[in-house]
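Written out below as structure tokens is the structure these notes cover.
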Amino acid sequence: MDKISINRQIEPSWDTYSITVISVFVFLGILQWSFFPRFIDIYYHLSVMLGLDQSGGFFTKEFLEYAPVGRPHIYPPLLHIFMLLLYKLGLSKIFIARLLGLAIYPLTLTVIWQVLRNVFSPRLAFFAILSCASAYSFYLAVGNLLPFSAALVLALLVFLCIEKNKAFAAGLLLGLTFYTHALMSWMALLCILLYGTFNYMKRRQSFKACLFAVITALPMLLYQYYSRMYFKLAPPNPNTILEINVFVYLLSIAGIAAAFRKKGSSYFFICLIVAMLALAFTHKTRYLSGHGLIGFALASGLAIDNLYQRIVLRRFELKKLLVFMLALLFALLVFNPTLYIDKSRREIFIRLFNPPLVNLMPKYKQYVYLNDISIYHRQFMDDIVRVIERNTAKDDIIYSNLNYQAGLLSVLSERATSQAMMPEVRPYRDFDPVGAAKVIIWFKDPDGAFPQQLSGLVPRYKLAKLEETDLAYIYANPSASAKSKVSRNILPTSALFFILLFIAGLVIYALKR
């Protein structure tokens, strides 16, 4: 038996390693079940899902937020329709939020694995997964921003379809990103356009996919254009703390250089990095530490693969293989130095031992991230919800000084709120949100002092105190007469589910062509 055949027998089972890493995150996610849902974005999506249920189908006027005035419903609907399907199957709202928060990260890693193993090699796929799995900020971004993550997953599958010369499937999936997330869809389109420009072997497939995607997305794009006067710029992200995964970024420099040398399919890593630069203008943390990290992580995987070929395969020895793998696993999944730049305090410091595997074990967790905290606590929130339900009818409106807490309470109590969780779309007209609300929930200040602003509202609206809980003061507004009104649907629920199943069938057909 020659030396090459011996090496092939000893060569690790990279797919098995990838599956193991993904399985570990599934297991840790299950252990973290009670910590889900994290952060705040999921409550908006639950609100839309509940609106679809109450309306009996798809609506164009949002009525559970900015009640009683409402606003255009222009958020891409794909995730919400899927959530509605789960809801109709009998799953509770919080269970759906937890399930999606748990599942999206392993799903993202699985897609990365499948795409890279089919386009490049199982070995490169494993190294890329390790790079992605080394950044806790990336883990949190993927888990918290579900539509963005889903659109990113679709964009990766678009690349795979182009590589397999399935332009129709690529165009269909790229078109679906526009029904999933408004910003990530354009970055995905730009990524594929750039890829077709640089990789002439896939230029025809890429440009055909982009053209078909725009045609597929036209209904959504035209509706968003029609409602453009209600758009407003959200307050820019303060970006006070930047988190830099040291090993991933250092390795990505070598990976980007290797991608330019290799050309062809490797250009995709560079195109993804460039296309997602749009995040850097308003959300630097999301570009450098969140979803934008994925391009650098994939390039980092390419650099590790090159190191493996030079160090291990050039003159194969089992000892070198073991040392390389142990050093790699320790560096990315355990040691993992992370550079923090706090611009508000003008501080730069490094945290060691900061990967997801450490942060997902509370005993060893060193630092609590803002977007790692849940605003849902069953006991405290249920106390408030019971007061709301006892003192309101189904069509009454609630208000809170914290808009996302108002959205959460709206979802739990199934009452509309005069607040809004997504500020990028304004209401149809200006109105008094406090005056419209039957019940006012004012969350307490951390210092325990009675809120000065609430002191002014009580006499102004003649508010009557209903109850005080551990978290909030709850008041009734006796002068409130406004009522929420459920919007009429333009497509019934049965049609939404038919479209969802039709799209799924069409994607399967396109992939098998």
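Every chain in the structure tokens has a letter given in the order shown (A, B, ...), and although residue numbers restart at 1 in each chain, ligands are simply numbered from 1 in the order shown.
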(request) Excluding A:Ser410 and residues on its chain fewer than 3 positions from it, collect all residues at most 9 Å away from it, counting only C-alpha atoms, and give them as a PyMOL selection string. (result) chain A and resi 47+64-65+385+397-398+405-407+413-417
(message) Give me the residues near stretch 336-347 of chain A as a PyMOL selection string, where near means some atom within 12 Å (using only C-alpha atoms) and where sequence neighbours in that chain fewer than 3 positions away do not count.
(response) chain A and resi 130-137+238-250+284-285+288-289+327-333+350-359+367
Counting only C-alpha atoms, which residues of stretch 111-208 of chain A fall within 8 Å of stretch 10-29 of chain A, and what is the closest atom pair for each with its distance in Å at one decimal, ordered by chain and rising number, as JSON lines?
```
{"residue": "A:Trp113", "atom": "CA", "partner": "A:Ser18", "partner_atom": "CA", "distance": 7.1}
{"residue": "A:Pro122", "atom": "CA", "partner": "A:Trp14", "partner_atom": "CA", "distance": 5.6}
{"residue": "A:Arg123", "atom": "CA", "partner": "A:Trp14", "partner_atom": "CA", "distance": 5.3}
{"residue": "A:Ala125", "atom": "CA", "partner": "A:Ser18", "partner_atom": "CA", "distance": 7.6}
{"residue": "A:Phe126", "atom": "CA", "partner": "A:Ser18", "partner_atom": "CA", "distance": 5.2}
{"residue": "A:Ile129", "atom": "CA", "partner": "A:Ser18", "partner_atom": "CA", "distance": 7.1}
{"residue": "A:Leu130", "atom": "CA", "partner": "A:Val21", "partner_atom": "CA", "distance": 7.9}
```
May I have the residues from that selection written out with N, CA, C and O atoms, as a CSV table (one decimal), in the first residue's frame?
```csv
chain,number,residue,atom,x,y,z
A,113,TRP,N,-22.1,24.2,6.2
A,113,TRP,CA,-21.4,22.9,6.0
A,113,TRP,C,-21.8,22.3,4.7
A,113,TRP,O,-20.9,21.9,3.9
A,122,PRO,N,-15.3,18.8,2.2
A,122,PRO,CA,-15.8,18.7,3.6
A,122,PRO,C,-14.8,19.2,4.6
A,122,PRO,O,-15.2,19.7,5.6
A,123,ARG,N,-13.5,19.2,4.3
A,123,ARG,CA,-12.5,19.7,5.2
A,123,ARG,C,-12.6,21.2,5.3
A,123,ARG,O,-12.6,21.7,6.4
A,125,ALA,N,-15.2,23.0,4.7
A,125,ALA,CA,-16.5,23.2,5.4
A,125,ALA,C,-16.4,23.1,6.9
A,125,ALA,O,-16.9,24.0,7.7
A,126,PHE,N,-15.6,22.1,7.4
A,126,PHE,CA,-15.4,22.0,8.8
A,126,PHE,C,-14.6,23.2,9.4
A,126,PHE,O,-15.0,23.7,10.5
A,129,ILE,N,-16.9,26.2,9.7
A,129,ILE,CA,-17.8,26.0,10.8
A,129,ILE,C,-17.1,26.4,12.1
A,129,ILE,O,-17.7,27.1,12.9
A,130,LEU,N,-15.9,25.9,12.3
A,130,LEU,CA,-15.2,26.2,13.5
A,130,LEU,C,-15.0,27.7,13.6
A,130,LEU,O,-15.1,28.3,14.7
```
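The nearest approach to A:Glu62 among the residues A:Ala449, A:Met422, A:Leu471, A:Leu99, with only C-alpha atoms taken into account, belongs to A:Met422.
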(request) State, in Å with one decimal place, the distance from atom CA of A:Arg386 to atom CA of A:Phe95. (result)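 These atoms are spaced 19.7 Å apart.
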(request) Find the residues near A:Ala155: any atom within 10 Å, counting only C-alpha atoms, skip ones fewer than 6 places away on the same chain, and give them as a VMD selection string. (result) chain A and resid 149 161 170 173 to 177 184 to 185 187 to 189 191 to 192 272
Would you put the residues from that selection into a file with C-alpha atoms, as a PDB file, in the first residue's frame?
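File produced: out_1.pdb:
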```
ATOM      1  CA  SER A 149     -30.498  35.138   9.425  1.00  0.00           C
ATOM      2  CA  CYS A 161     -27.312  26.567  -6.804  1.00  0.00           C
ATOM      3  CA  ALA A 170     -30.866  30.250  -7.545  1.00  0.00           C
ATOM      4  CA  LEU A 173     -34.220  31.443  -3.637  1.00  0.00           C
ATOM      5  CA  LEU A 174     -32.731  34.892  -4.207  1.00  0.00           C
ATOM      6  CA  GLY A 175     -36.218  36.226  -4.906  1.00  0.00           C
ATOM      7  CA  LEU A 176     -37.443  34.718  -1.640  1.00  0.00           C
ATOM      8  CA  THR A 177     -34.879  36.757   0.301  1.00  0.00           C
ATOM      9  CA  MET A 184     -30.267  41.395   3.569  1.00  0.00           C
ATOM     10  CA  SER A 185     -32.067  40.728   0.277  1.00  0.00           C
ATOM     11  CA  MET A 187     -26.965  42.638   0.016  1.00  0.00           C
ATOM     12  CA  ALA A 188     -27.560  39.090  -1.263  1.00  0.00           C
ATOM     13  CA  LEU A 189     -28.393  40.463  -4.714  1.00  0.00           C
ATOM     14  CA  CYS A 191     -23.163  39.642  -3.578  1.00  0.00           C
ATOM     15  CA  ILE A 192     -24.361  37.503  -6.496  1.00  0.00           C
ATOM     16  CA  LEU A 272     -19.899  38.404   0.630  1.00  0.00           C
TER      17      LEU A 272
END
```
